[in-house]
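See below for my_file12.pdb, which holds PDB, N, CA and C atoms.
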```
ATOM      1  N   MET A1175    -280.694-110.634-169.441
ATOM      2  CA  MET A1175    -279.881-111.082-168.325
ATOM      3  C   MET A1175    -279.011-109.915-167.862
ATOM      4  N   THR A1176    -278.955-109.759-166.572
ATOM      5  CA  THR A1176    -278.128-108.723-165.965
ATOM      6  C   THR A1176    -276.760-109.303-165.645
ATOM      7  N   ILE A1177    -275.706-108.574-165.985
ATOM      8  CA  ILE A1177    -274.345-109.005-165.692
ATOM      9  C   ILE A1177    -273.740-108.028-164.685
ATOM     10  N   ASN A1178    -273.373-108.553-163.516
ATOM     11  CA  ASN A1178    -272.734-107.747-162.466
ATOM     12  C   ASN A1178    -271.289-108.195-162.330
ATOM     13  N   ILE A1179    -270.375-107.241-162.331
ATOM     14  CA  ILE A1179    -268.954-107.557-162.201
ATOM     15  C   ILE A1179    -268.425-106.904-160.934
ATOM     16  N   LYS A1180    -267.712-107.699-160.143
ATOM     17  CA  LYS A1180    -267.141-107.216-158.892
ATOM     18  C   LYS A1180    -265.646-107.536-158.889
ATOM     19  N   ASP A1181    -264.835-106.610-158.430
ATOM     20  CA  ASP A1181    -263.399-106.851-158.309
ATOM     21  C   ASP A1181    -262.989-106.788-156.844
ATOM     22  N   ILE A1182    -262.133-107.709-156.461
ATOM     23  CA  ILE A1182    -261.665-107.773-155.079
ATOM     24  C   ILE A1182    -260.142-107.654-155.086
ATOM     25  N   ASP A1183    -259.610-106.748-154.287
ATOM     26  CA  ASP A1183    -258.170-106.539-154.101
ATOM     27  C   ASP A1183    -257.456-105.902-155.291
ATOM     28  N   PHE A1184    -258.184-105.326-156.247
ATOM     29  CA  PHE A1184    -257.556-104.619-157.356
ATOM     30  C   PHE A1184    -258.613-103.773-158.063
ATOM     31  N   GLN A1185    -258.164-102.906-158.967
ATOM     32  CA  GLN A1185    -259.069-102.060-159.739
ATOM     33  C   GLN A1185    -259.269-102.692-161.117
ATOM     34  N   LEU A1186    -260.502-102.961-161.476
ATOM     35  CA  LEU A1186    -260.838-103.589-162.747
ATOM     36  C   LEU A1186    -260.605-102.608-163.898
ATOM     37  N   ALA A1187    -259.829-103.017-164.885
ATOM     38  CA  ALA A1187    -259.559-102.174-166.049
ATOM     39  C   ALA A1187    -260.773-102.168-166.976
ATOM     40  N   GLN A1188    -260.976-101.071-167.662
ATOM     41  CA  GLN A1188    -262.107-100.931-168.591
ATOM     42  C   GLN A1188    -262.051-101.994-169.686
ATOM     43  N   LYS A1189    -260.850-102.289-170.158
ATOM     44  CA  LYS A1189    -260.676-103.300-171.212
ATOM     45  C   LYS A1189    -261.145-104.682-170.737
ATOM     46  N   LEU A1190    -260.800-105.044-169.501
ATOM     47  CA  LEU A1190    -261.229-106.324-168.949
ATOM     48  C   LEU A1190    -262.741-106.351-168.752
ATOM     49  N   GLU A1191    -263.313-105.237-168.342
ATOM     50  CA  GLU A1191    -264.764-105.170-168.152
ATOM     51  C   GLU A1191    -265.498-105.359-169.485
ATOM     52  N   GLU A1192    -265.009-104.733-170.542
ATOM     53  CA  GLU A1192    -265.618-104.888-171.865
ATOM     54  C   GLU A1192    -265.485-106.324-172.356
ATOM     55  N   TYR A1193    -264.305-106.906-172.160
ATOM     56  CA  TYR A1193    -264.060-108.291-172.548
ATOM     57  C   TYR A1193    -265.005-109.232-171.804
ATOM     58  N   THR A1194    -265.189-108.975-170.529
ATOM     59  CA  THR A1194    -266.063-109.798-169.699
ATOM     60  C   THR A1194    -267.497-109.756-170.205
ATOM     61  N   HIS A1195    -267.998-108.567-170.492
ATOM     62  CA  HIS A1195    -269.367-108.436-170.999
ATOM     63  C   HIS A1195    -269.532-109.167-172.331
ATOM     64  N   LYS A1196    -268.524-109.053-173.185
ATOM     65  CA  LYS A1196    -268.584-109.702-174.502
ATOM     66  C   LYS A1196    -268.657-111.227-174.359
ATOM     67  N   LYS A1197    -267.797-111.792-173.528
ATOM     68  CA  LYS A1197    -267.751-113.246-173.355
ATOM     69  C   LYS A1197    -268.953-113.763-172.568
ATOM     70  N   ALA A1198    -269.410-113.011-171.591
ATOM     71  CA  ALA A1198    -270.523-113.457-170.749
ATOM     72  C   ALA A1198    -271.857-113.396-171.493
ATOM     73  N   ALA A1199    -271.936-112.579-172.521
ATOM     74  CA  ALA A1199    -273.189-112.445-173.262
ATOM     75  C   ALA A1199    -273.620-113.753-173.912
ATOM     76  N   LYS A1200    -272.673-114.626-174.239
ATOM     77  CA  LYS A1200    -273.058-115.873-174.886
ATOM     78  C   LYS A1200    -273.767-116.832-173.921
ATOM     79  N   ILE A1201    -273.601-116.625-172.634
ATOM     80  CA  ILE A1201    -274.305-117.465-171.667
ATOM     81  C   ILE A1201    -275.803-117.229-171.752
ATOM     82  N   SER A1202    -276.201-115.990-171.972
ATOM     83  CA  SER A1202    -277.634-115.699-172.066
ATOM     84  C   SER A1202    -278.253-116.362-173.292
ATOM     85  N   LYS A1203    -277.449-116.602-174.323
ATOM     86  CA  LYS A1203    -277.943-117.309-175.509
ATOM     87  C   LYS A1203    -278.142-118.788-175.208
ATOM     88  N   LEU A1204    -277.274-119.343-174.354
ATOM     89  CA  LEU A1204    -277.369-120.761-174.011
ATOM     90  C   LEU A1204    -278.534-121.054-173.076
ATOM     91  N   LEU A1205    -278.824-120.109-172.197
ATOM     92  CA  LEU A1205    -279.885-120.306-171.206
ATOM     93  C   LEU A1205    -280.730-119.036-171.116
ATOM     94  N   PRO A1206    -281.767-118.941-171.955
ATOM     95  CA  PRO A1206    -282.599-117.736-171.971
ATOM     96  C   PRO A1206    -283.284-117.429-170.633
ATOM     97  N   SER A1207    -283.477-118.443-169.795
ATOM     98  CA  SER A1207    -284.138-118.210-168.509
ATOM     99  C   SER A1207    -283.194-117.624-167.456
ATOM    100  N   ALA A1208    -281.927-117.392-167.834
ATOM    101  CA  ALA A1208    -280.959-116.816-166.898
ATOM    102  C   ALA A1208    -281.375-115.395-166.554
ATOM    103  N   GLU A1209    -281.356-115.087-165.276
ATOM    104  CA  GLU A1209    -281.760-113.763-164.814
ATOM    105  C   GLU A1209    -280.566-112.874-164.516
ATOM    106  N   THR A1210    -279.597-113.409-163.764
ATOM    107  CA  THR A1210    -278.451-112.615-163.339
ATOM    108  C   THR A1210    -277.182-113.449-163.410
ATOM    109  N   LEU A1211    -276.107-112.834-163.882
ATOM    110  CA  LEU A1211    -274.793-113.454-163.858
ATOM    111  C   LEU A1211    -273.882-112.548-163.044
ATOM    112  N   ASN A1212    -273.432-113.050-161.899
ATOM    113  CA  ASN A1212    -272.516-112.306-161.034
ATOM    114  C   ASN A1212    -271.114-112.848-161.258
ATOM    115  N   ILE A1213    -270.217-111.967-161.664
ATOM    116  CA  ILE A1213    -268.831-112.349-161.917
ATOM    117  C   ILE A1213    -267.959-111.626-160.902
ATOM    118  N   THR A1214    -267.131-112.414-160.209
ATOM    119  CA  THR A1214    -266.219-111.835-159.218
ATOM    120  C   THR A1214    -264.797-112.184-159.615
ATOM    121  N   TYR A1215    -263.979-111.159-159.740
ATOM    122  CA  TYR A1215    -262.555-111.339-159.992
ATOM    123  C   TYR A1215    -261.816-111.054-158.698
ATOM    124  N   LYS A1216    -260.824-111.921-158.389
ATOM    125  CA  LYS A1216    -260.001-111.621-157.214
ATOM    126  C   LYS A1216    -258.597-112.152-157.372
ATOM    127  N   LEU A1217    -257.668-111.454-156.716
ATOM    128  CA  LEU A1217    -256.277-111.887-156.658
ATOM    129  C   LEU A1217    -256.122-112.797-155.444
ATOM    130  N   ILE A1218    -255.526-113.949-155.651
ATOM    131  CA  ILE A1218    -255.403-114.901-154.550
ATOM    132  C   ILE A1218    -254.140-114.623-153.737
ATOM    133  N   LYS A1219    -252.983-114.833-154.341
ATOM    134  CA  LYS A1219    -251.714-114.530-153.682
ATOM    135  C   LYS A1219    -250.904-113.733-154.690
ATOM    136  N   PRO A1220    -250.855-112.450-154.545
ATOM    137  CA  PRO A1220    -250.208-111.606-155.557
ATOM    138  C   PRO A1220    -248.763-111.965-155.886
ATOM    139  N   GLU A1221    -248.069-112.672-155.014
ATOM    140  CA  GLU A1221    -246.661-112.956-155.277
ATOM    141  C   GLU A1221    -246.422-114.258-156.050
ATOM    142  N   THR A1222    -247.457-114.968-156.446
ATOM    143  CA  THR A1222    -247.280-116.245-157.140
ATOM    144  C   THR A1222    -247.936-116.228-158.514
ATOM    145  N   ASN A1223    -247.598-117.238-159.323
ATOM    146  CA  ASN A1223    -248.297-117.450-160.591
ATOM    147  C   ASN A1223    -249.658-118.067-160.293
ATOM    148  N   MET A1224    -250.509-118.121-161.309
ATOM    149  CA  MET A1224    -251.840-118.721-161.146
ATOM    150  C   MET A1224    -252.560-118.073-159.959
ATOM    151  N   ASN A1225    -252.582-116.746-159.938
ATOM    152  CA  ASN A1225    -253.142-116.053-158.782
ATOM    153  C   ASN A1225    -254.390-115.241-159.107
ATOM    154  N   LYS A1226    -254.965-115.473-160.268
ATOM    155  CA  LYS A1226    -256.152-114.709-160.650
ATOM    156  C   LYS A1226    -257.346-115.639-160.756
ATOM    157  N   GLU A1227    -258.391-115.304-160.025
ATOM    158  CA  GLU A1227    -259.570-116.167-159.947
ATOM    159  C   GLU A1227    -260.795-115.457-160.504
ATOM    160  N   ALA A1228    -261.576-116.217-161.266
ATOM    161  CA  ALA A1228    -262.862-115.728-161.768
ATOM    162  C   ALA A1228    -263.945-116.658-161.228
ATOM    163  N   GLN A1229    -264.932-116.081-160.559
ATOM    164  CA  GLN A1229    -266.067-116.836-160.033
ATOM    165  C   GLN A1229    -267.319-116.373-160.763
ATOM    166  N   LEU A1230    -268.080-117.328-161.278
ATOM    167  CA  LEU A1230    -269.319-117.012-161.977
ATOM    168  C   LEU A1230    -270.476-117.643-161.239
ATOM    169  N   ARG A1231    -271.477-116.851-160.917
ATOM    170  CA  ARG A1231    -272.682-117.332-160.242
ATOM    171  C   ARG A1231    -273.866-116.932-161.115
ATOM    172  N   LEU A1232    -274.519-117.939-161.710
ATOM    173  CA  LEU A1232    -275.633-117.711-162.619
ATOM    174  C   LEU A1232    -276.935-118.032-161.906
ATOM    175  N   ASN A1233    -277.787-117.035-161.788
ATOM    176  CA  ASN A1233    -279.087-117.219-161.140
ATOM    177  C   ASN A1233    -280.164-117.347-162.203
ATOM    178  N   THR A1234    -280.977-118.385-162.072
ATOM    179  CA  THR A1234    -282.122-118.582-162.945
ATOM    180  C   THR A1234    -283.354-118.683-162.065
ATOM    181  N   LYS A1235    -284.512-118.691-162.697
ATOM    182  CA  LYS A1235    -285.720-118.828-161.886
ATOM    183  C   LYS A1235    -285.860-120.234-161.310
ATOM    184  N   ASP A1236    -285.079-121.192-161.862
ATOM    185  CA  ASP A1236    -285.154-122.572-161.389
ATOM    186  C   ASP A1236    -283.992-122.985-160.499
ATOM    187  N   GLY A1237    -283.014-122.097-160.283
ATOM    188  CA  GLY A1237    -281.886-122.477-159.441
ATOM    189  C   GLY A1237    -280.675-121.604-159.677
ATOM    190  N   GLU A1238    -279.529-122.102-159.218
ATOM    191  CA  GLU A1238    -278.289-121.353-159.308
ATOM    192  C   GLU A1238    -277.169-122.269-159.769
ATOM    193  N   LEU A1239    -276.308-121.761-160.649
ATOM    194  CA  LEU A1239    -275.141-122.496-161.117
ATOM    195  C   LEU A1239    -273.903-121.687-160.736
ATOM    196  N   PHE A1240    -272.802-122.383-160.429
ATOM    197  CA  PHE A1240    -271.592-121.706-159.973
ATOM    198  C   PHE A1240    -270.363-122.368-160.584
ATOM    199  N   ALA A1241    -269.402-121.541-160.999
ATOM    200  CA  ALA A1241    -268.116-122.042-161.481
ATOM    201  C   ALA A1241    -267.031-121.078-161.024
ATOM    202  N   SER A1242    -265.882-121.646-160.673
ATOM    203  CA  SER A1242    -264.752-120.837-160.233
ATOM    204  C   SER A1242    -263.477-121.444-160.805
ATOM    205  N   LYS A1243    -262.657-120.616-161.430
ATOM    206  CA  LYS A1243    -261.403-121.096-162.012
ATOM    207  C   LYS A1243    -260.281-120.132-161.696
ATOM    208  N   VAL A1244    -259.056-120.658-161.601
ATOM    209  CA  VAL A1244    -257.857-119.876-161.321
ATOM    210  C   VAL A1244    -256.899-120.050-162.495
ATOM    211  N   ALA A1245    -256.282-118.944-162.927
ATOM    212  CA  ALA A1245    -255.339-118.990-164.043
ATOM    213  C   ALA A1245    -254.303-117.872-163.901
ATOM    214  N   ASP A1246    -253.404-117.788-164.878
ATOM    215  CA  ASP A1246    -252.380-116.739-164.887
ATOM    216  C   ASP A1246    -252.960-115.370-165.191
ATOM    217  N   THR A1247    -254.046-115.332-165.988
ATOM    218  CA  THR A1247    -254.678-114.059-166.338
ATOM    219  C   THR A1247    -256.171-114.146-166.032
ATOM    220  N   PHE A1248    -256.781-112.991-165.830
ATOM    221  CA  PHE A1248    -258.220-112.968-165.586
ATOM    222  C   PHE A1248    -258.986-113.437-166.815
ATOM    223  N   GLU A1249    -258.474-113.136-168.003
ATOM    224  CA  GLU A1249    -259.136-113.558-169.230
ATOM    225  C   GLU A1249    -259.185-115.086-169.330
ATOM    226  N   ASP A1250    -258.066-115.743-169.041
ATOM    227  CA  ASP A1250    -258.030-117.209-169.077
ATOM    228  C   ASP A1250    -258.945-117.805-168.011
ATOM    229  N   ALA A1251    -258.921-117.235-166.828
ATOM    230  CA  ALA A1251    -259.784-117.729-165.749
ATOM    231  C   ALA A1251    -261.249-117.580-166.141
ATOM    232  N   LEU A1252    -261.601-116.457-166.770
ATOM    233  CA  LEU A1252    -262.977-116.240-167.208
ATOM    234  C   LEU A1252    -263.388-117.263-168.254
ATOM    235  N   LEU A1253    -262.532-117.493-169.242
ATOM    236  CA  LEU A1253    -262.860-118.453-170.304
ATOM    237  C   LEU A1253    -263.041-119.859-169.751
ATOM    238  N   GLN A1254    -262.176-120.249-168.823
ATOM    239  CA  GLN A1254    -262.287-121.574-168.215
ATOM    240  C   GLN A1254    -263.557-121.690-167.384
ATOM    241  N   ALA A1255    -263.904-120.647-166.654
ATOM    242  CA  ALA A1255    -265.111-120.663-165.828
ATOM    243  C   ALA A1255    -266.362-120.689-166.714
ATOM    244  N   ILE A1256    -266.343-119.951-167.814
ATOM    245  CA  ILE A1256    -267.482-119.975-168.740
ATOM    246  C   ILE A1256    -267.655-121.364-169.332
ATOM    247  N   GLU A1257    -266.544-122.001-169.687
ATOM    248  CA  GLU A1257    -266.608-123.359-170.232
ATOM    249  C   GLU A1257    -267.215-124.320-169.210
ATOM    250  N   ALA A1258    -266.787-124.207-167.964
ATOM    251  CA  ALA A1258    -267.342-125.057-166.901
ATOM    252  C   ALA A1258    -268.829-124.781-166.716
ATOM    253  N   LEU A1259    -269.213-123.529-166.787
ATOM    254  CA  LEU A1259    -270.617-123.147-166.639
ATOM    255  C   LEU A1259    -271.449-123.671-167.808
ATOM    256  N   GLU A1260    -270.877-123.680-169.008
ATOM    257  CA  GLU A1260    -271.578-124.213-170.176
ATOM    258  C   GLU A1260    -271.921-125.687-169.972
ATOM    259  N   HIS A1261    -270.986-126.448-169.418
ATOM    260  CA  HIS A1261    -271.246-127.867-169.139
ATOM    261  C   HIS A1261    -272.381-128.005-168.118
ATOM    262  N   GLN A1262    -272.362-127.156-167.102
ATOM    263  CA  GLN A1262    -273.430-127.196-166.099
ATOM    264  C   GLN A1262    -274.772-126.818-166.713
ATOM    265  N   ILE A1263    -274.764-125.852-167.625
ATOM    266  CA  ILE A1263    -276.001-125.432-168.276
ATOM    267  C   ILE A1263    -276.582-126.581-169.087
ATOM    268  N   ASP A1264    -275.718-127.323-169.792
ATOM    269  CA  ASP A1264    -276.195-128.479-170.550
ATOM    270  C   ASP A1264    -276.867-129.496-169.648
ATOM    271  N   LYS A1265    -276.247-129.801-168.531
ATOM    272  CA  LYS A1265    -276.827-130.739-167.562
ATOM    273  C   LYS A1265    -278.115-130.184-166.959
ATOM    274  N   PHE A1266    -278.121-128.890-166.675
ATOM    275  CA  PHE A1266    -279.288-128.210-166.111
ATOM    276  C   PHE A1266    -280.479-128.292-167.066
ATOM    277  N   LYS A1267    -280.205-128.092-168.353
ATOM    278  CA  LYS A1267    -281.272-128.169-169.354
ATOM    279  C   LYS A1267    -281.841-129.583-169.439
ATOM    280  N   GLU A1268    -280.980-130.589-169.419
ATOM    281  CA  GLU A1268    -281.433-131.975-169.475
ATOM    282  C   GLU A1268    -282.305-132.321-168.259
ATOM    283  N   LYS A1269    -281.872-131.866-167.123
ATOM    284  CA  LYS A1269    -282.591-132.153-165.873
ATOM    285  C   LYS A1269    -283.962-131.472-165.830
ATOM    286  N   ASN A1270    -284.063-130.276-166.406
ATOM    287  CA  ASN A1270    -285.291-129.492-166.314
ATOM    288  C   ASN A1270    -286.147-129.538-167.583
ATOM    289  N   LYS A1271    -286.010-130.584-168.359
ATOM    290  CA  LYS A1271    -286.844-130.707-169.567
ATOM    291  C   LYS A1271    -288.276-130.994-169.214
TER
END
```
Transcribe the structure of this file into structure tokens.
Amino acid sequence: MTINIKDIDFQLAQKLEEYTHKKAAKISKLLPSAETLNITYKLIKPETNMNKEAQLRLNTKDGELFASKVADTFEDALLQAIEALEHQIDKFKEKNK
């Protein structure tokens, strides 16, 4: 599975990029047919709390799954989005048996 990371309105730190790859790797274990995982980080309103968004778009040969979460940190937003994507993967597997 290919993991693409995109940052909008800020410069992605190397530490966050490594963390993202580490956490996103478990998605490929859950869904071996996954081809590409596109992760987009963006700042929503820099002057407020809960302003960091992580969007995950998982492409498979059978379709596409999407999750987006907002939190105080990019790490929290990523973890929440991965959790949401895991639930979708479970449903996706049941549907495509």
**Prompt:** atom N of A:Asp1183 and atom N of A:Lys1216 are how many Å apart?
**Reply:**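 Atom N of A:Asp1183 sits 6.7 Å away from atom N of A:Lys1216.
Once the PyMOL selection byres ((chain A and resi 1235) around 6) is applied to the shown structure, the selection contains Ser1207, Ala1208, Glu1209, Asn1233, Thr1234, Asp1236 and Gly1237 of chain A.
Atom pair atom N of A:Asn1225 / atom CA of A:Tyr1193: separated by 19.0 Å.
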**Request:** May I ask for the distance between atom CA of A:Arg1231 and atom C of A:Asn1212, given in Å to one decimal place?
**Result:**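 For atom CA of A:Arg1231 relative to atom C of A:Asn1212, the distance reads 4.9 Å.
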**Message:** Let me make sure I understand: among A:Ala1228, A:Ile1201, A:Ile1182, A:Met1175, which one has the smallest atom-to-atom distance to A:Val1244 if we use all atoms listed in the file?
**Reply:**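 Among the listed residues, the smallest separation from A:Val1244 belongs to A:Ala1228.
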**Item:** Target residues per the PyMOL selection byres ((chain A and resi 1215) around 8), formatted as a list in words
**Value:**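 Output of the PyMOL selection byres ((chain A and resi 1215) around 8): Ile1179, Lys1180, Asp1181, Ile1182, Asp1183, Phe1184, Asn1212, Ile1213, Thr1214, Lys1216, Leu1217, Ile1218, Lys1226, Glu1227, Ala1228, Gln1229, Leu1230 and Phe1248 of chain A.
Backbone DSSP of stretch 1178-1214 of chain A yields strand (DSSP E or B) at Asn1178, Ile1179, Lys1180, Asp1181, Ile1182, Ala1208, Glu1209, Thr1210, Leu1211, Asn1212, Ile1213 and Thr1214 of chain A.
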**Sel. of helix (DSSP H, G or I) residues, chain A, as JSON, numbers by chain** = {"A": [1188, 1189, 1190, 1191, 1192, 1193, 1194, 1195, 1196, 1197, 1198, 1199, 1200, 1201, 1202, 1203, 1204, 1248, 1249, 1250, 1251, 1252, 1253, 1254, 1255, 1256, 1257, 1258, 1259, 1260, 1261, 1262, 1263, 1264, 1265, 1266, 1267, 1268, 1269]}
Residues selected by the PyMOL selection byres (((chain A and resi 1256 and name CA) around 8) and name CA), written as a compact mmCIF listing (two decimals) with N, CA and C atoms, in the coordinates of the input:
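The resulting file, result27.txt, is shown below:
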```txt
# COMPACT_ATOMS: atom_id res chain seq x y z
N ALA A 1198 -269.41 -113.01 -171.59
CA ALA A 1198 -270.52 -113.46 -170.75
C ALA A 1198 -271.86 -113.40 -171.49
N ILE A 1201 -273.60 -116.62 -172.63
CA ILE A 1201 -274.30 -117.46 -171.67
C ILE A 1201 -275.80 -117.23 -171.75
N LEU A 1230 -268.08 -117.33 -161.28
CA LEU A 1230 -269.32 -117.01 -161.98
C LEU A 1230 -270.48 -117.64 -161.24
N ALA A 1241 -269.40 -121.54 -161.00
CA ALA A 1241 -268.12 -122.04 -161.48
C ALA A 1241 -267.03 -121.08 -161.02
N LEU A 1252 -261.60 -116.46 -166.77
CA LEU A 1252 -262.98 -116.24 -167.21
C LEU A 1252 -263.39 -117.26 -168.25
N LEU A 1253 -262.53 -117.49 -169.24
CA LEU A 1253 -262.86 -118.45 -170.30
C LEU A 1253 -263.04 -119.86 -169.75
N GLN A 1254 -262.18 -120.25 -168.82
CA GLN A 1254 -262.29 -121.57 -168.22
C GLN A 1254 -263.56 -121.69 -167.38
N ALA A 1255 -263.90 -120.65 -166.65
CA ALA A 1255 -265.11 -120.66 -165.83
C ALA A 1255 -266.36 -120.69 -166.71
N GLU A 1257 -266.54 -122.00 -169.69
CA GLU A 1257 -266.61 -123.36 -170.23
C GLU A 1257 -267.21 -124.32 -169.21
N ALA A 1258 -266.79 -124.21 -167.96
CA ALA A 1258 -267.34 -125.06 -166.90
C ALA A 1258 -268.83 -124.78 -166.72
N LEU A 1259 -269.21 -123.53 -166.79
CA LEU A 1259 -270.62 -123.15 -166.64
C LEU A 1259 -271.45 -123.67 -167.81
N GLU A 1260 -270.88 -123.68 -169.01
CA GLU A 1260 -271.58 -124.21 -170.18
C GLU A 1260 -271.92 -125.69 -169.97
```
**Request:** Would you mind telling me which residue in A:Gln1185, A:Thr1194, A:Leu1204, A:Phe1240 lies nearest to A:Asp1264 when using only N, CA and C atoms?
**Result:**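 Distance minimum relative to A:Asp1264 lands on A:Leu1204.
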Given 3 Å on each side, where is the centre and what are the edge lengths in Å to one decimal of the axis-aligned box enclosing the listed atoms of stretch 1203-1206 of chain A, as JSON?
```
{"center_x": -280.3, "center_y": -118.8, "center_z": -173.1, "size_x": 12.0, "size_y": 10.5, "size_z": 10.9}
```
**Request:** Rank A:Leu1186, A:Lys1197, A:Lys1269, A:Ala1245 by their smallest atom-to-atom distance to A:Asn1223, using all atoms listed in the file, and report the top residue only.
**Result:** A:Ala1245
**Request:** Would you please work out which residue, of A:Leu1205, A:Gln1188, A:Lys1200, A:His1195, is nearest to A:Glu1268 when using only C-alpha atoms?
**Result:**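 So, comparing all the options, the nearest one is A:Leu1205.
Taking only C-alpha atoms into account, A:Leu1211 lies nearest to A:Ile1177 out of the set A:Ile1177, A:Lys1196, A:Lys1267, A:Glu1238.
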